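Asker: Please read through the structure below; I'll follow up with questions.
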Amino acid sequence: MNRIQKKLSENKKLLSIYFTAGYPSLEDTVPILTKLQESGVDMVEIGLPFSDPLADGPTIQQSSTQALQNGMTTHRLFDQLKNIRNTIDIPLLLMGYFNPVLQYGVEAFCKRCKEIGIDGLILPDLPLAEYQRHYKATFEKFDLNIIFLITPQTPDARIREIDNASNGFIYMVSSASTTGSKTGFGDAQTQYFDRIAKMNLKNPCIVGFGIKDATTFKMATKKAKGAIIGSAFIKMLTQKGVDGISSFINTIR
């Protein structure tokens with residue numbers, strides 16, 4: 001049982017935060033992680049900036065572009081995180097596109113994650129079948145949870161397949177749109193949350209996309225184990241920087 005699974009076993013609704021590595025400033029990665037842990041966040045997804053982030057909304061796209069301009073690379077991120085487990089004990093995941101992982105070398109990337117203490121990977125553009133055929137053994141060799149995404153359009157049979165292939169949590173996308181583009185949850189999202197809850201999946205679900213405040217966090221976690229805040233957190237970082245983290249987290253719960 002790794003850190004993700006231990007956290008999921010706790011009797012509480014989990015708050016996960018996504019931010020882009022190297023934003024707002026190149027060396028902000030560790031200070032942001034430190035502030036998030038101090039503020040009581042349960043889990044953190046560290047975004048690997050990519051030059052063509054098609055699935056992300058404008059806020060995350062802009063942060064990714066700025067991070068790359070700041071000089072963030074996969075090698076630089078790994079260097080920043082090399083001693084992170086001396087001070088950070090909450091689960092850490094890397095989230096990004098599969099291309100940078102391929103460029104680094106999948107086995108080398110996973111080995112470095114293991115050495116640093118990364119607990120899982122979220123690679124939305126890595127198809128399930130491709131993962132199972134070519135990469136499953138490598139991820140498992142280095143004790144990395146692979147997190148798959150589902151949407152309101154994902155058929156039940158596909159959700160069951162993803163559930164059977166997962167060993168951490170399922171990333172439950174609240175809508176079919178890009179990140180950061182929703183203002184709240186309507187009837188369609190509520191029905192989707194109910195539908196997934198009734199499936200009694202073996203893996204807990206954590207909701208992402210559209211969570212920005214205490215109200216949407218409460219709505220998202222009514223039927224799910226937790227929720228992820230990304231765009232709203234990055235907007236706060238843009239406006240207030242690292243110093244604004246504690247007050248932002250305090251407004252969520």
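All residue names refer to the structure tokens as shown: chains lettered A, B, ... in order, residues numbered from 1 in each chain, ligands numbered from 1 in order.
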Excluding Asp79 in chain A and residues on its chain fewer than 5 positions from it, collect all residues at most 10 Å away from it, counting only C-alpha atoms, and give them as a PyMOL selection string.
Answerer: chain A and resi 73-74+84+112+116
Asker: The selected residues should be written to file as a PDB file, in the first residue's frame (atoms: N, CA and C atoms).
Answerer:
ATOM      1  N   THR A  73      11.861  22.016 -17.267  1.00  0.00           N
ATOM      2  CA  THR A  73      11.966  20.794 -18.056  1.00  0.00           C
ATOM      3  C   THR A  73      11.745  19.612 -17.122  1.00  0.00           C
ATOM      4  N   THR A  74      11.595  18.441 -17.694  1.00  0.00           N
ATOM      5  CA  THR A  74      11.447  17.233 -16.869  1.00  0.00           C
ATOM      6  C   THR A  74      12.681  17.029 -16.007  1.00  0.00           C
ATOM      7  N   ILE A  84      12.674  15.861  -1.912  1.00  0.00           N
ATOM      8  CA  ILE A  84      11.377  16.320  -1.446  1.00  0.00           C
ATOM      9  C   ILE A  84      10.826  15.475  -0.298  1.00  0.00           C
ATOM     10  N   ARG A 112      13.171   7.170 -11.990  1.00  0.00           N
ATOM     11  CA  ARG A 112      13.445   8.446 -11.306  1.00  0.00           C
ATOM     12  C   ARG A 112      12.297   8.813 -10.377  1.00  0.00           C
ATOM     13  N   ILE A 116      12.676   9.394  -6.276  1.00  0.00           N
ATOM     14  CA  ILE A 116      12.285  10.662  -5.657  1.00  0.00           C
ATOM     15  C   ILE A 116      11.189  10.468  -4.621  1.00  0.00           C
TER      16      ILE A 116
END
Asker: Between range 53-128 of chain A and range 157-173 of chain A, at 12 Å or less, what are the per-residue closest atom pairs and their distances in Å? Count only C-alpha atoms, order by chain and rising residue number, and return it as CSV.
Answerer:
residue,atom,partner,partner_atom,distance
A:Ala55,CA,A:Val173,CA,11.5
A:Pro91,CA,A:Gly168,CA,11.3
A:Leu93,CA,A:Gly168,CA,11.3
A:Met95,CA,A:Tyr171,CA,11.5
A:Asp119,CA,A:Gly168,CA,9.7
A:Gly120,CA,A:Gly168,CA,8.4
A:Leu121,CA,A:Gly168,CA,10.3
A:Ile122,CA,A:Tyr171,CA,8.6
A:Leu123,CA,A:Tyr171,CA,10.8
A:Pro124,CA,A:Tyr171,CA,9.7
A:Pro127,CA,A:Ile162,CA,10.4
A:Leu128,CA,A:Ile162,CA,7.4
Asker: With N, CA and C atoms retained, could you export that selection as a tab-separated table (two decimals), in the first residue's frame?
Answerer:
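That gives us out_24.tsv:
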chain	number	residue	atom	x	y	z
A	55	ALA	N	-5.83	19.45	-23.87
A	55	ALA	CA	-6.95	19.12	-22.99
A	55	ALA	C	-7.13	20.14	-21.86
A	91	PRO	N	0.86	12.33	-0.46
A	91	PRO	CA	1.04	11.73	-1.79
A	91	PRO	C	1.30	12.79	-2.86
A	93	LEU	N	1.72	13.18	-7.13
A	93	LEU	CA	1.56	12.59	-8.45
A	93	LEU	C	2.10	13.56	-9.49
A	95	MET	N	1.38	14.83	-13.31
A	95	MET	CA	0.32	14.82	-14.32
A	95	MET	C	0.80	15.55	-15.56
A	119	ASP	N	4.31	9.01	-6.20
A	119	ASP	CA	3.42	7.89	-5.92
A	119	ASP	C	2.58	7.45	-7.10
A	120	GLY	N	2.33	8.35	-8.04
A	120	GLY	CA	1.47	7.98	-9.15
A	120	GLY	C	1.63	8.91	-10.33
A	121	LEU	N	1.04	8.51	-11.45
A	121	LEU	CA	1.09	9.29	-12.69
A	121	LEU	C	-0.30	9.41	-13.28
A	122	ILE	N	-0.60	10.61	-13.79
A	122	ILE	CA	-1.84	10.85	-14.53
A	122	ILE	C	-1.42	11.31	-15.92
A	123	LEU	N	-1.66	10.46	-16.90
A	123	LEU	CA	-1.25	10.71	-18.28
A	123	LEU	C	-2.49	10.57	-19.16
A	124	PRO	N	-3.28	11.62	-19.28
A	124	PRO	CA	-4.60	11.52	-19.93
A	124	PRO	C	-4.57	11.02	-21.37
A	127	PRO	N	-3.61	5.78	-23.81
A	127	PRO	CA	-4.79	4.91	-23.86
A	127	PRO	C	-4.63	3.69	-22.95
A	128	LEU	N	-5.74	3.23	-22.40
A	128	LEU	CA	-5.72	2.07	-21.51
A	128	LEU	C	-5.10	0.86	-22.19
Asker: Could you pull out the alpha helix (DSSP H) residues of range 44-148 of chain A from DSSP and send them as number ranges by chain?
Answerer: A: 58-70, 74-81, 98-104, 106-116, 128-130, 136-141
Asker: Run DSSP on the backbone and grab whatever in range 76-227 of chain A lands in strand (DSSP E); send it over as a list in words.
Answerer: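 Filtering range 76-227 of chain A to strand (DSSP E) leaves Leu92, Leu93, Leu94, Met95, Gly120, Leu121, Ile122, Asn145, Ile146, Ile147, Leu149, Ile150, Ile170, Tyr171, Met172, Val173, Cys205, Ile206, Val207, Gly208, Gly226 and Ala227 of chain A.
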Asker: Let's have the selection written as a short mmCIF file (atom, residue, chain, number, x, y, z; two decimals), in the first residue's frame, with C-alpha atoms.
Answerer:
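The resulting file, out.cif, is shown below:
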data_model
loop_
_atom_site.label_atom_id
_atom_site.label_comp_id
_atom_site.auth_asym_id
_atom_site.auth_seq_id
_atom_site.Cartn_x
_atom_site.Cartn_y
_atom_site.Cartn_z
CA LEU A 92 2.56 13.33 -4.88
CA LEU A 93 1.56 12.59 -8.45
CA LEU A 94 2.93 13.84 -11.75
CA MET A 95 0.32 14.82 -14.32
CA GLY A 120 1.47 7.98 -9.15
CA LEU A 121 1.09 9.29 -12.69
CA ILE A 122 -1.84 10.85 -14.53
CA ASN A 145 -0.22 4.08 -9.43
CA ILE A 146 -1.52 4.91 -12.90
CA ILE A 147 -4.63 7.07 -12.76
CA LEU A 149 -9.86 9.44 -16.45
CA ILE A 150 -13.56 8.91 -17.03
CA ILE A 170 -10.27 7.03 -10.78
CA TYR A 171 -10.09 10.61 -11.99
CA MET A 172 -13.71 11.51 -12.57
CA VAL A 173 -13.87 14.40 -15.05
CA CYS A 205 -13.37 8.38 -7.49
CA ILE A 206 -11.93 11.87 -7.20
CA VAL A 207 -13.67 14.60 -9.18
CA GLY A 208 -11.76 17.11 -11.31
CA GLY A 226 -12.47 13.78 -3.05
CA ALA A 227 -12.01 16.61 -5.49
#
Asker: Might you pull out every residue within 9 Å of range 230-241 of chain A, with only C-alpha atoms counted and same-chain residues fewer than 3 positions away left off, and present them as a ChimeraX atom specification?
Answerer: /A:16-20,23-24,45,57-60,63,179-181,208-213,244-245,248-249
Asker: Pick the closest to Asn250 in chain A from A:Gln189, A:Ser9, A:Ser39, A:Thr216: which is it, counting only C-alpha atoms?
Answerer: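 Among the listed residues, A:Ser39 lies closest to Asn250 in chain A.
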Asker: If I take CA of Ile252 in chain A and CA of Pro204 in chain A, how far is one from the other in Å, to one decimal?
Answerer: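 Distance between the two atoms: 20.9 Å.
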